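Asks: Mind looking over this structure? Questions follow.
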Amino acid sequence: MKNKLIVANWKANPESIREAKEIFSPIKRAAAKLNQVEVVICPPAVWLAELVKGARNWNGGVALGSLKATPPFRVRLSFGGQDAFWELIGAYTGQLGPTMIRNAGATYLIIGHSETRALGDTDNLIKAKVRLALKHGLKVILCVGEKARDEHGKYLQILRGQIESALTGVPRTQAKQIILAYEPIWAIGAQAKGADTPAAFLEQSIFLRKVLTGIIGREMALDCSILYGGSVDADNAAGFLDEGGANGLLVGRVSLSPESFIKILKIANSI
Ligand code: PGA
C-alpha cells in the first residue's frame, strides 16, 4: 500500500526562520519514526532551503529535490512549494519559477489553492503552472473545491471543470506526478463552518476519480492519491483517512502547531 501523504501548508507563516525551525524540528524528529506516512512540509519559499539543509540526513543523506534522488529508501520527509509561476525565469518581478522551488529542495508543489485562485489564479493560469511544474519533475498537488455545496449536485460540475481544465492533455508519462487535493472552500480556514464529513469526502473522491479516469486513464486514476483538506485536526483526521478512505491530508492552521500536527502524523501512521 502507498504511504499516506500528510501535507503541511504553512501559507504565509511564520515570520522568521527561527520560528520556522521551532515548528519544523519536532516534526522532523517525529517523521523519522514513521513508516506508513510521507510528510510534506510546504513552508514559505524563503525558508525552504534552510529547512531542507536541516533535513538532509533524515532521507538517507541524499539531497532532496534533486531529480537524480530517486530514493532506494523510504522517504518520510519531503518539501513542497505553495505555488510557482508559469515561466521558469525571466523579467517577472516578484515571481518564483518551479525549477527555483525544486532547486531549493522541494519535490512537491501545491497549485490552484483556493487562496491563490481568490487572488487571481484562473483556470488557464493554473493549467500553465501545472504543465510547467510536471514537465520539470515536480509532483503537483492540484487543489480543487467548490465555494458552496448545492443539493442538486451542480458543484460537481465545478470540480469537474477545475480538473479537466488543469489536466486535459497532460502527457501520460507525467500523470503519475499528480496528486489531487479536494478542499471544499467553505471548509477552509478560521472562518469556516468546519470540516466536511468523511462520508461526503468518500463520495466526492469517487466522483473525482471518475473524472480523472476520463483524462489519465483508469490505471493512473486508481493510483492517484486524493487528499482531503479543510479544517483538518487531530480529532477528525482518523475519520477522513479511515472511513473517508483519503490517501492523505492537506493541513493548514493545525500544521503550525507541532504538537497537534504530530498527533495527526501518528494517527495516519496507525491506519
Ligand atoms: P485549514 O486550511 O486547515 O486551516 O482549514 C487548509 C488549506 O487551506 O489547505
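Each chain of the C-alpha cells is named A, B, ... in the order shown, its residues numbered from 1; ligands are numbered from 1 in display order.
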Please give the complete set of residues from segment 68-250 of chain A that DSSP, run on the backbone, assigns to helix (DSSP H, G or I), formatted as a PyMOL selection string.

Replies: chain A and resi 98-103+114-118+123-135+155-167+172-177+185-187+198-216+218-223+237-241

Asks: Could you save those same residues with C-alpha atoms as a PDB file, in the first residue's frame?

Replies:
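Full text of selection-v7.pdb as output:
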```pdb
ATOM      1  CA  PRO A  98       9.072  25.954 -10.438  1.00  0.00           C
ATOM      2  CA  THR A  99      12.704  24.979 -11.039  1.00  0.00           C
ATOM      3  CA  MET A 100      13.780  27.568  -8.452  1.00  0.00           C
ATOM      4  CA  ILE A 101      11.497  25.921  -5.933  1.00  0.00           C
ATOM      5  CA  ARG A 102      12.741  22.493  -6.984  1.00  0.00           C
ATOM      6  CA  ASN A 103      16.382  23.516  -6.792  1.00  0.00           C
ATOM      7  CA  SER A 114      -8.376  28.386  -3.302  1.00  0.00           C
ATOM      8  CA  GLU A 115      -6.424  31.277  -1.758  1.00  0.00           C
ATOM      9  CA  THR A 116      -4.284  31.727  -4.899  1.00  0.00           C
ATOM     10  CA  ARG A 117      -7.398  31.309  -7.059  1.00  0.00           C
ATOM     11  CA  ALA A 118      -9.034  34.078  -4.996  1.00  0.00           C
ATOM     12  CA  ASP A 123      -8.134  28.003 -14.757  1.00  0.00           C
ATOM     13  CA  ASN A 124      -5.864  28.915 -17.667  1.00  0.00           C
ATOM     14  CA  LEU A 125      -3.036  30.097 -15.448  1.00  0.00           C
ATOM     15  CA  ILE A 126      -3.377  27.014 -13.286  1.00  0.00           C
ATOM     16  CA  LYS A 127      -3.175  24.835 -16.368  1.00  0.00           C
ATOM     17  CA  ALA A 128       0.046  26.588 -17.467  1.00  0.00           C
ATOM     18  CA  LYS A 129       1.552  26.251 -13.993  1.00  0.00           C
ATOM     19  CA  VAL A 130       0.646  22.560 -13.768  1.00  0.00           C
ATOM     20  CA  ARG A 131       2.179  21.841 -17.190  1.00  0.00           C
ATOM     21  CA  LEU A 132       5.450  23.534 -16.417  1.00  0.00           C
ATOM     22  CA  ALA A 133       5.825  22.028 -12.938  1.00  0.00           C
ATOM     23  CA  LEU A 134       5.095  18.493 -14.179  1.00  0.00           C
ATOM     24  CA  LYS A 135       7.483  18.907 -17.098  1.00  0.00           C
ATOM     25  CA  TYR A 155     -20.987  21.866  -7.589  1.00  0.00           C
ATOM     26  CA  LEU A 156     -19.751  18.588  -9.015  1.00  0.00           C
ATOM     27  CA  GLN A 157     -19.550  20.239 -12.424  1.00  0.00           C
ATOM     28  CA  ILE A 158     -17.344  22.938 -10.909  1.00  0.00           C
ATOM     29  CA  LEU A 159     -14.981  20.263  -9.626  1.00  0.00           C
ATOM     30  CA  ARG A 160     -15.056  18.507 -12.990  1.00  0.00           C
ATOM     31  CA  GLY A 161     -14.274  21.776 -14.763  1.00  0.00           C
ATOM     32  CA  GLN A 162     -11.322  22.536 -12.473  1.00  0.00           C
ATOM     33  CA  ILE A 163      -9.788  19.099 -13.029  1.00  0.00           C
ATOM     34  CA  GLU A 164     -10.437  18.902 -16.756  1.00  0.00           C
ATOM     35  CA  SER A 165      -9.079  22.352 -17.371  1.00  0.00           C
ATOM     36  CA  ALA A 166      -5.885  21.729 -15.384  1.00  0.00           C
ATOM     37  CA  LEU A 167      -5.123  18.197 -16.531  1.00  0.00           C
ATOM     38  CA  ARG A 172       0.814  10.010 -19.758  1.00  0.00           C
ATOM     39  CA  THR A 173       4.401   9.833 -18.559  1.00  0.00           C
ATOM     40  CA  GLN A 174       3.757  12.758 -16.218  1.00  0.00           C
ATOM     41  CA  ALA A 175       0.356  11.647 -14.927  1.00  0.00           C
ATOM     42  CA  LYS A 176       1.900   9.731 -12.037  1.00  0.00           C
ATOM     43  CA  GLN A 177       3.270  13.007 -10.640  1.00  0.00           C
ATOM     44  CA  ILE A 185     -13.676  26.235   0.169  1.00  0.00           C
ATOM     45  CA  TRP A 186     -16.395  26.538   2.795  1.00  0.00           C
ATOM     46  CA  ALA A 187     -14.377  24.175   4.998  1.00  0.00           C
ATOM     47  CA  PRO A 198     -15.690  11.573   5.932  1.00  0.00           C
ATOM     48  CA  ALA A 199     -18.764  10.080   4.244  1.00  0.00           C
ATOM     49  CA  ALA A 200     -19.174  13.090   1.965  1.00  0.00           C
ATOM     50  CA  PHE A 201     -15.447  13.084   1.190  1.00  0.00           C
ATOM     51  CA  LEU A 202     -15.688   9.448   0.175  1.00  0.00           C
ATOM     52  CA  GLU A 203     -18.489  10.305  -2.255  1.00  0.00           C
ATOM     53  CA  GLN A 204     -16.609  13.252  -3.736  1.00  0.00           C
ATOM     54  CA  SER A 205     -13.424  11.230  -4.100  1.00  0.00           C
ATOM     55  CA  ILE A 206     -15.255   8.543  -6.083  1.00  0.00           C
ATOM     56  CA  PHE A 207     -16.559  11.255  -8.390  1.00  0.00           C
ATOM     57  CA  LEU A 208     -13.126  12.896  -8.675  1.00  0.00           C
ATOM     58  CA  ARG A 209     -11.510   9.580  -9.553  1.00  0.00           C
ATOM     59  CA  LYS A 210     -14.096   9.047 -12.286  1.00  0.00           C
ATOM     60  CA  VAL A 211     -13.261  12.442 -13.758  1.00  0.00           C
ATOM     61  CA  LEU A 212      -9.567  11.596 -13.536  1.00  0.00           C
ATOM     62  CA  THR A 213     -10.196   8.285 -15.277  1.00  0.00           C
ATOM     63  CA  GLY A 214     -11.591  10.160 -18.260  1.00  0.00           C
ATOM     64  CA  ILE A 215      -8.392  12.181 -18.512  1.00  0.00           C
ATOM     65  CA  ILE A 216      -5.459   9.979 -17.496  1.00  0.00           C
ATOM     66  CA  ARG A 218      -8.216   4.027 -15.216  1.00  0.00           C
ATOM     67  CA  GLU A 219      -4.907   2.642 -14.081  1.00  0.00           C
ATOM     68  CA  MET A 220      -3.320   6.041 -13.392  1.00  0.00           C
ATOM     69  CA  ALA A 221      -6.538   7.372 -11.845  1.00  0.00           C
ATOM     70  CA  LEU A 222      -6.717   4.446  -9.423  1.00  0.00           C
ATOM     71  CA  ASP A 223      -3.113   5.066  -8.485  1.00  0.00           C
ATOM     72  CA  ALA A 237      -8.037  13.125  10.811  1.00  0.00           C
ATOM     73  CA  ALA A 238      -8.758   9.460  11.557  1.00  0.00           C
ATOM     74  CA  GLY A 239     -12.264   9.740  10.115  1.00  0.00           C
ATOM     75  CA  PHE A 240     -11.068  11.090   6.767  1.00  0.00           C
ATOM     76  CA  LEU A 241      -8.256   8.551   6.458  1.00  0.00           C
TER      77      LEU A 241
END
```

Asks: Using only C-alpha atoms and all ligand atoms, find each residue with an atom at most 10 Å away from ligand 1 and format the answer as a JSON list (two decimals) with N, CA, C and O atoms, in the first residue's frame.

Replies:
```json
[["chain", "number", "residue", "atom", "x", "y", "z"],
["A", 7, "VAL", "N", 0.33, 16.58, 4.22],
["A", 7, "VAL", "CA", 0.96, 17.81, 3.71],
["A", 7, "VAL", "C", 0.66, 18.98, 4.65],
["A", 7, "VAL", "O", -0.50, 19.22, 4.99],
["A", 8, "ALA", "N", 1.74, 19.67, 5.04],
["A", 8, "ALA", "CA", 1.60, 20.85, 5.89],
["A", 8, "ALA", "C", 1.68, 22.09, 5.02],
["A", 8, "ALA", "O", 2.72, 22.37, 4.43],
["A", 9, "ASN", "N", 0.59, 22.80, 4.91],
["A", 9, "ASN", "CA", 0.57, 24.05, 4.14],
["A", 9, "ASN", "C", 0.68, 25.21, 5.14],
["A", 9, "ASN", "O", -0.30, 25.59, 5.76],
["A", 10, "TRP", "N", 1.90, 25.72, 5.26],
["A", 10, "TRP", "CA", 2.13, 26.78, 6.26],
["A", 10, "TRP", "C", 1.61, 28.14, 5.79],
["A", 10, "TRP", "O", 1.60, 29.09, 6.57],
["A", 11, "LYS", "N", 1.24, 28.25, 4.53],
["A", 11, "LYS", "CA", 0.77, 29.53, 3.98],
["A", 11, "LYS", "C", 1.80, 30.63, 4.29],
["A", 11, "LYS", "O", 2.98, 30.34, 4.27],
["A", 82, "GLN", "N", 4.35, 26.34, -2.32],
["A", 82, "GLN", "CA", 2.92, 26.61, -2.20],
["A", 82, "GLN", "C", 2.30, 27.13, -3.50],
["A", 82, "GLN", "O", 1.08, 27.29, -3.60],
["A", 110, "ILE", "N", 2.25, 22.76, -4.53],
["A", 110, "ILE", "CA", 0.79, 22.98, -4.46],
["A", 110, "ILE", "C", 0.43, 23.96, -5.59],
["A", 110, "ILE", "O", 1.09, 24.98, -5.76],
["A", 113, "HIS", "N", -4.48, 26.37, -5.17],
["A", 113, "HIS", "CA", -5.12, 26.50, -3.85],
["A", 113, "HIS", "C", -6.20, 27.59, -3.94],
["A", 113, "HIS", "O", -6.03, 28.58, -4.66],
["A", 114, "SER", "N", -7.26, 27.42, -3.19],
["A", 114, "SER", "CA", -8.38, 28.39, -3.30],
["A", 114, "SER", "C", -7.92, 29.80, -2.97],
["A", 114, "SER", "O", -8.48, 30.77, -3.48],
["A", 115, "GLU", "N", -6.90, 29.93, -2.11],
["A", 115, "GLU", "CA", -6.42, 31.28, -1.76],
["A", 115, "GLU", "C", -5.66, 31.92, -2.92],
["A", 115, "GLU", "O", -5.72, 33.14, -3.09],
["A", 143, "CYS", "N", -5.16, 21.53, -6.18],
["A", 143, "CYS", "CA", -6.30, 21.73, -5.27],
["A", 143, "CYS", "C", -7.56, 22.06, -6.05],
["A", 143, "CYS", "O", -7.52, 22.92, -6.95],
["A", 181, "ALA", "N", -5.98, 17.32, -4.36],
["A", 181, "ALA", "CA", -6.42, 17.66, -3.01],
["A", 181, "ALA", "C", -7.82, 18.25, -3.12],
["A", 181, "ALA", "O", -8.01, 19.29, -3.77],
["A", 182, "TYR", "N", -8.77, 17.55, -2.53],
["A", 182, "TYR", "CA", -10.13, 18.07, -2.52],
["A", 182, "TYR", "C", -10.30, 18.93, -1.27],
["A", 182, "TYR", "O", -10.22, 18.43, -0.14],
["A", 183, "GLU", "N", -10.51, 20.23, -1.51],
["A", 183, "GLU", "CA", -10.66, 21.16, -0.39],
["A", 183, "GLU", "C", -11.89, 22.02, -0.63],
["A", 183, "GLU", "O", -11.81, 23.05, -1.32],
["A", 184, "PRO", "N", -13.03, 21.63, -0.06],
["A", 184, "PRO", "CA", -14.21, 22.49, -0.21],
["A", 184, "PRO", "C", -13.90, 23.84, 0.44],
["A", 184, "PRO", "O", -13.44, 23.89, 1.58],
["A", 185, "ILE", "N", -14.12, 24.92, -0.31],
["A", 185, "ILE", "CA", -13.68, 26.23, 0.17],
["A", 185, "ILE", "C", -14.38, 26.62, 1.47],
["A", 185, "ILE", "O", -13.79, 27.23, 2.35],
["A", 186, "TRP", "N", -15.64, 26.21, 1.59],
["A", 186, "TRP", "CA", -16.39, 26.54, 2.79],
["A", 186, "TRP", "C", -15.85, 25.84, 4.04],
["A", 186, "TRP", "O", -16.26, 26.15, 5.17],
["A", 187, "ALA", "N", -14.94, 24.90, 3.84],
["A", 187, "ALA", "CA", -14.38, 24.17, 5.00],
["A", 187, "ALA", "C", -12.97, 24.66, 5.36],
["A", 187, "ALA", "O", -12.36, 24.16, 6.30],
["A", 188, "ILE", "N", -12.45, 25.63, 4.61],
["A", 188, "ILE", "CA", -11.06, 26.07, 4.82],
["A", 188, "ILE", "C", -10.97, 27.29, 5.72],
["A", 188, "ILE", "O", -11.72, 28.25, 5.54],
["A", 189, "GLY", "N", -10.04, 27.27, 6.67],
["A", 189, "GLY", "CA", -9.68, 28.47, 7.41],
["A", 189, "GLY", "C", -10.48, 28.69, 8.68],
["A", 189, "GLY", "O", -11.46, 27.99, 8.97],
["A", 190, "ALA", "N", -10.05, 29.73, 9.41],
["A", 190, "ALA", "CA", -10.63, 30.01, 10.72],
["A", 190, "ALA", "C", -12.11, 30.42, 10.63],
["A", 190, "ALA", "O", -12.87, 30.24, 11.57],
["A", 191, "GLN", "N", -12.51, 30.99, 9.48],
["A", 191, "GLN", "CA", -13.92, 31.43, 9.34],
["A", 191, "GLN", "C", -14.83, 30.29, 8.92],
["A", 191, "GLN", "O", -16.05, 30.46, 8.84],
["A", 192, "ALA", "N", -14.26, 29.14, 8.61],
["A", 192, "ALA", "CA", -15.06, 28.04, 8.05],
["A", 192, "ALA", "C", -16.06, 27.52, 9.07],
["A", 192, "ALA", "O", -15.86, 27.65, 10.27],
["A", 193, "LYS", "N", -17.13, 26.93, 8.54],
["A", 193, "LYS", "CA", -18.11, 26.37, 9.49],
["A", 193, "LYS", "C", -17.66, 25.00, 10.00],
["A", 193, "LYS", "O", -18.33, 24.38, 10.80],
["A", 194, "GLY", "N", -16.52, 24.53, 9.52],
["A", 194, "GLY", "CA", -15.99, 23.25, 9.99],
["A", 194, "GLY", "C", -15.63, 22.35, 8.83],
["A", 194, "GLY", "O", -15.87, 22.71, 7.67],
["A", 195, "ALA", "N", -15.06, 21.21, 9.15],
["A", 195, "ALA", "CA", -14.63, 20.28, 8.11],
["A", 195, "ALA", "C", -15.82, 19.62, 7.42],
["A", 195, "ALA", "O", -16.93, 19.62, 7.96],
["A", 228, "TYR", "N", -7.71, 14.93, 1.43],
["A", 228, "TYR", "CA", -8.76, 15.83, 1.92],
["A", 228, "TYR", "C", -8.09, 17.02, 2.61],
["A", 228, "TYR", "O", -7.12, 16.85, 3.35],
["A", 229, "GLY", "N", -8.64, 18.21, 2.41],
["A", 229, "GLY", "CA", -8.18, 19.40, 3.12],
["A", 229, "GLY", "C", -9.34, 20.30, 3.49],
["A", 229, "GLY", "O", -10.37, 20.34, 2.80],
["A", 230, "GLY", "N", -9.17, 21.03, 4.59],
["A", 230, "GLY", "CA", -10.22, 21.94, 5.07],
["A", 230, "GLY", "C", -10.53, 21.64, 6.52],
["A", 230, "GLY", "O", -11.22, 20.66, 6.82],
["A", 231, "SER", "N", -9.95, 22.45, 7.44],
["A", 231, "SER", "CA", -10.18, 22.29, 8.89],
["A", 231, "SER", "C", -9.82, 20.91, 9.41],
["A", 231, "SER", "O", -10.49, 20.37, 10.30],
["A", 232, "VAL", "N", -8.75, 20.35, 8.86],
["A", 232, "VAL", "CA", -8.27, 19.06, 9.40],
["A", 232, "VAL", "C", -7.63, 19.31, 10.76],
["A", 232, "VAL", "O", -6.89, 20.28, 10.95],
["A", 233, "ASP", "N", -7.94, 18.44, 11.72],
["A", 233, "ASP", "CA", -7.27, 18.50, 13.02],
["A", 233, "ASP", "C", -7.10, 17.09, 13.57],
["A", 233, "ASP", "O", -7.47, 16.10, 12.90],
["A", 249, "LEU", "N", -3.83, 13.94, 3.75],
["A", 249, "LEU", "CA", -4.49, 15.16, 4.22],
["A", 249, "LEU", "C", -3.67, 16.38, 3.88],
["A", 249, "LEU", "O", -2.43, 16.31, 3.88],
["A", 250, "LEU", "N", -4.35, 17.47, 3.61],
["A", 250, "LEU", "CA", -3.68, 18.76, 3.41],
["A", 250, "LEU", "C", -4.09, 19.62, 4.60],
["A", 250, "LEU", "O", -5.27, 19.94, 4.78],
["A", 251, "VAL", "N", -3.10, 19.94, 5.43],
["A", 251, "VAL", "CA", -3.40, 20.56, 6.72],
["A", 251, "VAL", "C", -2.91, 22.01, 6.73],
["A", 251, "VAL", "O", -1.74, 22.26, 6.46],
["A", 252, "GLY", "N", -3.78, 22.94, 7.05],
["A", 252, "GLY", "CA", -3.41, 24.35, 7.11],
["A", 252, "GLY", "C", -3.04, 24.77, 8.52],
["A", 252, "GLY", "O", -1.96, 24.44, 9.02],
["A", 253, "ARG", "N", -3.95, 25.47, 9.19],
["A", 253, "ARG", "CA", -3.67, 26.04, 10.52],
["A", 253, "ARG", "C", -2.98, 25.09, 11.47],
["A", 253, "ARG", "O", -1.99, 25.43, 12.12],
["A", 254, "VAL", "N", -3.51, 23.87, 11.57],
["A", 254, "VAL", "CA", -3.01, 22.94, 12.58],
["A", 254, "VAL", "C", -1.57, 22.49, 12.29],
["A", 254, "VAL", "O", -0.85, 22.05, 13.19],
["A", 255, "SER", "N", -1.11, 22.66, 11.04],
["A", 255, "SER", "CA", 0.26, 22.22, 10.73],
["A", 255, "SER", "C", 1.29, 23.17, 11.34],
["A", 255, "SER", "O", 2.48, 22.88, 11.38],
["A", 256, "LEU", "N", 0.84, 24.32, 11.86],
["A", 256, "LEU", "CA", 1.77, 25.27, 12.50],
["A", 256, "LEU", "C", 1.94, 24.94, 13.98],
["A", 256, "LEU", "O", 2.76, 25.55, 14.67]]
```

Asks: DSSP on the backbone: which residues in segment 27-156 of chain A end up as strand (DSSP E or B)? Give the answer as a PDB file with N, CA and C atoms, in the first residue's frame.

Replies:
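This went into states15.pdb:
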```pdb
ATOM      1  N   VAL A  37       3.874   6.819   6.412  1.00  0.00           N
ATOM      2  CA  VAL A  37       3.478   8.194   6.106  1.00  0.00           C
ATOM      3  C   VAL A  37       4.631   8.947   5.462  1.00  0.00           C
ATOM      4  N   GLU A  38       4.325   9.731   4.459  1.00  0.00           N
ATOM      5  CA  GLU A  38       5.300  10.701   3.952  1.00  0.00           C
ATOM      6  C   GLU A  38       4.794  12.084   4.356  1.00  0.00           C
ATOM      7  N   VAL A  39       5.629  12.805   5.055  1.00  0.00           N
ATOM      8  CA  VAL A  39       5.270  14.148   5.499  1.00  0.00           C
ATOM      9  C   VAL A  39       5.820  15.141   4.479  1.00  0.00           C
ATOM     10  N   VAL A  40       4.988  16.058   4.043  1.00  0.00           N
ATOM     11  CA  VAL A  40       5.446  17.070   3.087  1.00  0.00           C
ATOM     12  C   VAL A  40       5.262  18.442   3.728  1.00  0.00           C
ATOM     13  N   ILE A  41       6.366  19.123   3.985  1.00  0.00           N
ATOM     14  CA  ILE A  41       6.303  20.460   4.587  1.00  0.00           C
ATOM     15  C   ILE A  41       6.361  21.504   3.467  1.00  0.00           C
ATOM     16  N   CYS A  42       5.355  22.355   3.419  1.00  0.00           N
ATOM     17  CA  CYS A  42       5.316  23.438   2.421  1.00  0.00           C
ATOM     18  C   CYS A  42       5.421  24.776   3.143  1.00  0.00           C
ATOM     19  N   LEU A  77      10.139  12.365   4.800  1.00  0.00           N
ATOM     20  CA  LEU A  77      10.010  13.804   4.911  1.00  0.00           C
ATOM     21  C   LEU A  77      10.393  14.454   3.587  1.00  0.00           C
ATOM     22  N   SER A  78       9.479  15.217   3.034  1.00  0.00           N
ATOM     23  CA  SER A  78       9.760  15.909   1.786  1.00  0.00           C
ATOM     24  C   SER A  78       9.321  17.361   1.941  1.00  0.00           C
ATOM     25  N   PHE A  79       9.631  18.155   0.933  1.00  0.00           N
ATOM     26  CA  PHE A  79       9.261  19.558   0.968  1.00  0.00           C
ATOM     27  C   PHE A  79       8.471  19.934  -0.270  1.00  0.00           C
ATOM     28  N   GLY A  80       7.668  20.963  -0.112  1.00  0.00           N
ATOM     29  CA  GLY A  80       6.892  21.431  -1.249  1.00  0.00           C
ATOM     30  C   GLY A  80       6.840  22.948  -1.282  1.00  0.00           C
ATOM     31  N   GLY A  81       6.578  23.489  -2.464  1.00  0.00           N
ATOM     32  CA  GLY A  81       6.290  24.907  -2.605  1.00  0.00           C
ATOM     33  C   GLY A  81       4.783  25.104  -2.542  1.00  0.00           C
ATOM     34  N   TYR A 108       7.581  18.605  -4.188  1.00  0.00           N
ATOM     35  CA  TYR A 108       6.140  18.791  -4.402  1.00  0.00           C
ATOM     36  C   TYR A 108       5.846  20.272  -4.660  1.00  0.00           C
ATOM     37  N   LEU A 109       4.704  20.510  -5.292  1.00  0.00           N
ATOM     38  CA  LEU A 109       4.271  21.896  -5.489  1.00  0.00           C
ATOM     39  C   LEU A 109       2.748  21.944  -5.430  1.00  0.00           C
ATOM     40  N   ILE A 110       2.246  22.759  -4.526  1.00  0.00           N
ATOM     41  CA  ILE A 110       0.794  22.984  -4.461  1.00  0.00           C
ATOM     42  C   ILE A 110       0.434  23.957  -5.591  1.00  0.00           C
ATOM     43  N   ILE A 111      -0.578  23.625  -6.348  1.00  0.00           N
ATOM     44  CA  ILE A 111      -1.052  24.556  -7.395  1.00  0.00           C
ATOM     45  C   ILE A 111      -2.585  24.632  -7.314  1.00  0.00           C
ATOM     46  N   LYS A 139       6.154  16.979  -8.255  1.00  0.00           N
ATOM     47  CA  LYS A 139       4.869  16.325  -8.015  1.00  0.00           C
ATOM     48  C   LYS A 139       3.887  17.438  -7.689  1.00  0.00           C
ATOM     49  N   VAL A 140       2.812  17.484  -8.450  1.00  0.00           N
ATOM     50  CA  VAL A 140       1.867  18.600  -8.317  1.00  0.00           C
ATOM     51  C   VAL A 140       0.679  18.200  -7.443  1.00  0.00           C
ATOM     52  N   ILE A 141       0.458  18.986  -6.397  1.00  0.00           N
ATOM     53  CA  ILE A 141      -0.738  18.793  -5.565  1.00  0.00           C
ATOM     54  C   ILE A 141      -1.770  19.789  -6.079  1.00  0.00           C
ATOM     55  N   LEU A 142      -2.656  19.319  -6.928  1.00  0.00           N
ATOM     56  CA  LEU A 142      -3.658  20.197  -7.542  1.00  0.00           C
ATOM     57  C   LEU A 142      -4.867  20.301  -6.607  1.00  0.00           C
ATOM     58  N   CYS A 143      -5.163  21.527  -6.179  1.00  0.00           N
ATOM     59  CA  CYS A 143      -6.296  21.730  -5.268  1.00  0.00           C
ATOM     60  C   CYS A 143      -7.558  22.061  -6.053  1.00  0.00           C
ATOM     61  N   VAL A 144      -8.623  21.407  -5.694  1.00  0.00           N
ATOM     62  CA  VAL A 144      -9.929  21.726  -6.281  1.00  0.00           C
ATOM     63  C   VAL A 144     -10.955  21.791  -5.154  1.00  0.00           C
TER      64      VAL A 144
END
```

Asks: Counting only C-alpha atoms, which of A:Leu138, A:Ala49, A:Ile271, A:Leu265 gets nearest to Leu34 of chain A?

Replies: A:Leu265

Asks: For Arg29 of chain A, work out the shell of residues within 12 Å, counting only C-alpha atoms and skipping chain neighbours fewer than 4 positions away, then give it as a VMD selection string.

Replies: chain A and resid 22 to 25 33 to 34 39 54 to 55 57 to 58 76 to 77 258 to 259 262 265

Asks: Write the residues of the preceding selection, restricted to C-alpha atoms, as a PDB file, in the first residue's frame.

Replies:
```
ATOM      1  CA  GLU A  22      10.960  25.734  16.008  1.00  0.00           C
ATOM      2  CA  ILE A  23       7.942  24.342  14.192  1.00  0.00           C
ATOM      3  CA  PHE A  24       9.987  22.102  11.936  1.00  0.00           C
ATOM      4  CA  SER A  25      12.399  20.442  14.403  1.00  0.00           C
ATOM      5  CA  LYS A  33       9.758   7.304  13.418  1.00  0.00           C
ATOM      6  CA  LEU A  34       7.033   6.874  10.810  1.00  0.00           C
ATOM      7  CA  VAL A  39       5.270  14.148   5.499  1.00  0.00           C
ATOM      8  CA  GLY A  54      18.393  20.693   8.338  1.00  0.00           C
ATOM      9  CA  ALA A  55      16.553  17.653   6.992  1.00  0.00           C
ATOM     10  CA  ASN A  57      20.355  13.344   6.823  1.00  0.00           C
ATOM     11  CA  TRP A  58      16.863  12.128   7.534  1.00  0.00           C
ATOM     12  CA  ARG A  76       9.491  10.117   5.279  1.00  0.00           C
ATOM     13  CA  LEU A  77      10.010  13.804   4.911  1.00  0.00           C
ATOM     14  CA  PRO A 258       3.888  20.796  16.050  1.00  0.00           C
ATOM     15  CA  GLU A 259       2.083  19.064  18.880  1.00  0.00           C
ATOM     16  CA  ILE A 262       2.471  15.247  15.158  1.00  0.00           C
ATOM     17  CA  LEU A 265       1.052  12.053  11.766  1.00  0.00           C
TER      18      LEU A 265
END
```

Asks: Quick one, how far is atom CA of Gln36 of chain A from atom CA of Ala84 of chain A?

Replies: 28.8 Å

Asks: Could you state the separation of atom CA of Gly112 of chain A and atom CA of Lys28 of chain A in Å, given to one decimal place?

Replies: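 Atom-to-atom, atom CA of Gly112 of chain A to atom CA of Lys28 of chain A, that is 26.8 Å.
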
Asks: Rounded to one decimal place, report the atom CA of Thr122 of chain A-atom CA of Thr168 of chain A distance in Å.

Replies: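 Separating atom CA of Thr122 of chain A from atom CA of Thr168 of chain A is a distance of 15.5 Å.
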
Asks: In terms of the shortest atom-to-atom distance over only C-alpha atoms, which of A:Ile179, A:Ile226, A:Leu88, A:Ala20 is closest to Gly244 of chain A?

Replies: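 That would be A:Ile226, the residue with the smallest distance to Gly244 of chain A.
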